[in-house]
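Down below is the structure, laid out as structure tokens.
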There are 2 protein chains.
Amino acid sequence: VGFKLVIAVRTDLGMSVGKTAAQVAHAAVMATLLALGTPDLEEWLLQGQTKVVVRVPSLEELRQRVARARQAGVRTAPVADAGHTELEPGTESCCAFGPASDVALEPVTGDLPLL
Amino acid sequence: VGFKLVIAVRTDLGMSVGKTAAQVAHAAVMATLLALGTPDLEEWLLQGQTKVVVRVPSLEELRQRVARARQAGVRTAPVADAGHTELEPGTESCCAFGPASDVALEPVTGDLPLL
């Protein structure tokens with residue numbers, strides 16, 4: 001079974017490449033810390049910590065995926081920006097799902113296009 | 001004293017936004033794992049895990065910064081891409097420096113422009 005971390009990013013905020021990268025990194029670090037000590041994290045690291053960055057068109061879609069993940073028992077790490085630079089404070093910019101198995105993630109984020 | 005994580009990304013590889021974000025996230029996760037249990041990590045997390053994404057124009061420049069960091073005793077987490085998608089296997093795409101204090105990072109990456 002393959003393990004991965006999926007990070008879904010809002011494309012409606014007009015973030016720069018650097019800002020996008022920082023937000024995705026934030027989500028990935030949070031997901032790692034939240035999963036410390038779990039078999040999911042260990043398996044994901046052993047497999048080379050695959051990351052898949054996908055896009056969502058809106059806050060509504062992002063929240064819908066978070067709700068779906070929680071129902072499915074998939075760990076989420078949502079990022080609310082501190083608002084120092086490009087975004088308003090508290091803007092929900094992206095969310096990490098997992099690390100988890102491909103099978104667990106498929107119904108949560110499987111249909112989202114790559115960023 | 002402010003603490004941060006600086007991630008320097010090569011701009012000469014023509015990576016997509018999604019690829020760039022995944023590589024930066026990879027570096028940030030590695031940096032976090034390498035710093036587990038250190039006061040630097042704790043301080044950085046307490047301060048909101050500030051990340052600064054900057055650009056380097058070439059592999060040579062990236063390696064020069066890594067050398068500089070090692071001389072200065074700043075932790076590095078270089079990323080060599082697995083090569084499944086856009087890059088050749090083993091391509092050094094980016095590197096995280098820290099988490100460390102602003103003061104420690106300044107001579108290493110302070111002059112690099114934001115991505």
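Residue numbers start at 1 in each chain; chains themselves are named A, B, ... in the order of the structure tokens; ligands are numbered from 1 in the order shown.
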Which residues of stretch 41-68 of chain B sit at most 10 Å from stretch 91-104 of chain B, using only C-alpha atoms? Give each one's shortest atom pair and distance in Å (one decimal place), in chain and ascending residue order, as CSV.
```
residue,atom,partner,partner_atom,distance
B:Leu41,CA,B:Pro99,CA,6.1
B:Glu42,CA,B:Pro99,CA,9.4
B:Glu43,CA,B:Pro99,CA,8.8
B:Trp44,CA,B:Pro99,CA,6.4
B:Leu45,CA,B:Pro99,CA,9.2
B:Gln49,CA,B:Pro99,CA,8.3
B:Thr50,CA,B:Pro99,CA,8.9
B:Lys51,CA,B:Pro99,CA,8.9
B:Val52,CA,B:Ala96,CA,9.6
B:Val53,CA,B:Ala96,CA,9.0
B:Val54,CA,B:Cys94,CA,9.7
B:Arg55,CA,B:Cys94,CA,8.9
B:Val56,CA,B:Cys94,CA,8.7
B:Ser58,CA,B:Ser93,CA,9.4
B:Leu59,CA,B:Glu92,CA,7.2
B:Leu62,CA,B:Cys94,CA,7.4
B:Arg63,CA,B:Cys95,CA,9.1
B:Arg65,CA,B:Cys95,CA,9.1
B:Val66,CA,B:Cys95,CA,7.8
```
* Asked: Where does DSSP see strand (DSSP E) in chain A, if you list the residues as a ChimeraX atom specification?
  -> /A:3-10,51-56,76-80,92-101
* To do: Write down as a PyMOL selection string the residues belonging to stretch 17-107 of chain A that are assigned helix (DSSP H, G or I) by DSSP computed on the backbone.
  => chain A and resi 17-34+39-46+59-72+102-107
Grab the residues selected above and save them as an mmCIF file, in the first residue's frame with C-alpha atoms.
```
data_model
loop_
_atom_site.group_PDB
_atom_site.id
_atom_site.type_symbol
_atom_site.label_atom_id
_atom_site.label_comp_id
_atom_site.auth_asym_id
_atom_site.auth_seq_id
_atom_site.Cartn_x
_atom_site.Cartn_y
_atom_site.Cartn_z
ATOM 1 C CA VAL A 17 4.662 31.057 -5.952
ATOM 2 C CA GLY A 18 6.730 31.802 -2.849
ATOM 3 C CA LYS A 19 3.654 32.355 -0.713
ATOM 4 C CA THR A 20 2.048 29.185 -2.024
ATOM 5 C CA ALA A 21 5.193 27.186 -1.286
ATOM 6 C CA ALA A 22 5.405 28.575 2.257
ATOM 7 C CA GLN A 23 1.754 27.726 2.977
ATOM 8 C CA VAL A 24 2.119 24.205 1.616
ATOM 9 C CA ALA A 25 5.274 23.738 3.685
ATOM 10 C CA HIS A 26 3.406 24.960 6.747
ATOM 11 C CA ALA A 27 0.670 22.377 6.198
ATOM 12 C CA ALA A 28 3.231 19.612 5.640
ATOM 13 C CA VAL A 29 5.138 20.439 8.826
ATOM 14 C CA MET A 30 1.906 20.549 10.850
ATOM 15 C CA ALA A 31 0.811 17.209 9.399
ATOM 16 C CA THR A 32 4.194 15.718 10.315
ATOM 17 C CA LEU A 33 4.023 16.988 13.886
ATOM 18 C CA LEU A 34 0.413 15.823 14.298
ATOM 19 C CA PRO A 39 2.583 4.067 12.018
ATOM 20 C CA ASP A 40 1.206 6.310 9.248
ATOM 21 C CA LEU A 41 4.075 8.746 9.651
ATOM 22 C CA GLU A 42 6.650 5.994 9.837
ATOM 23 C CA GLU A 43 5.350 4.278 6.719
ATOM 24 C CA TRP A 44 5.154 7.533 4.805
ATOM 25 C CA LEU A 45 8.730 8.473 5.721
ATOM 26 C CA LEU A 46 9.982 4.990 4.819
ATOM 27 C CA LEU A 59 -12.894 28.110 0.651
ATOM 28 C CA GLU A 60 -16.173 26.214 0.447
ATOM 29 C CA GLU A 61 -14.542 23.362 -1.456
ATOM 30 C CA LEU A 62 -11.601 23.271 0.974
ATOM 31 C CA ARG A 63 -13.937 23.049 3.968
ATOM 32 C CA GLN A 64 -15.993 20.372 2.283
ATOM 33 C CA ARG A 65 -12.870 18.239 1.852
ATOM 34 C CA VAL A 66 -11.874 18.770 5.473
ATOM 35 C CA ALA A 67 -15.339 17.606 6.567
ATOM 36 C CA ARG A 68 -15.042 14.561 4.300
ATOM 37 C CA ALA A 69 -11.610 13.708 5.745
ATOM 38 C CA ARG A 70 -12.857 13.906 9.305
ATOM 39 C CA GLN A 71 -15.763 11.626 8.508
ATOM 40 C CA ALA A 72 -13.302 9.171 6.943
ATOM 41 C CA ASP A 102 -3.726 5.927 -1.047
ATOM 42 C CA VAL A 103 -6.888 3.964 -0.314
ATOM 43 C CA ALA A 104 -7.894 6.163 2.611
ATOM 44 C CA LEU A 105 -7.148 9.371 0.694
ATOM 45 C CA GLU A 106 -8.825 8.438 -2.584
ATOM 46 C CA PRO A 107 -12.423 9.304 -1.576
#
```
* Just the residues within 9 Å of B:Leu87, please, counting only C-alpha atoms, with nothing from its chain fewer than 5 positions along; format it as a PyMOL selection string. => chain B and resi 13+15+81-82+93
Now that the selection is made, can you save its residues with N, CA and C atoms as a PDB file, in the first residue's frame?
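Printed below is selection_4.pdb as written:
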```pdb
ATOM      1  N   LEU B  13      15.508  25.512 -12.815  1.00  0.00           N
ATOM      2  CA  LEU B  13      15.015  24.179 -13.181  1.00  0.00           C
ATOM      3  C   LEU B  13      13.657  24.224 -13.876  1.00  0.00           C
ATOM      4  N   MET B  15      10.674  24.545 -12.588  1.00  0.00           N
ATOM      5  CA  MET B  15       9.646  23.749 -11.909  1.00  0.00           C
ATOM      6  C   MET B  15       8.301  24.479 -11.907  1.00  0.00           C
ATOM      7  N   ASP B  81      15.643  15.502  -5.567  1.00  0.00           N
ATOM      8  CA  ASP B  81      14.357  14.997  -6.051  1.00  0.00           C
ATOM      9  C   ASP B  81      14.436  13.521  -6.447  1.00  0.00           C
ATOM     10  N   ALA B  82      13.333  12.792  -6.157  1.00  0.00           N
ATOM     11  CA  ALA B  82      13.274  11.375  -6.512  1.00  0.00           C
ATOM     12  C   ALA B  82      13.165  11.183  -8.023  1.00  0.00           C
ATOM     13  N   SER B  93      17.178  20.347  -5.739  1.00  0.00           N
ATOM     14  CA  SER B  93      16.224  21.395  -6.124  1.00  0.00           C
ATOM     15  C   SER B  93      16.143  22.540  -5.136  1.00  0.00           C
TER      16      SER B  93
END
```
* To do: Give me, please, the distance in Å between atom CA of A:Arg10 and atom CA of A:Thr109, quoted to one decimal.
  => 13.4 Å
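Considering only C-alpha atoms, the residue among B:Gly48, B:Gly110, B:Gly14, B:Gly37 positioned nearest to chain A is B:Gly48.
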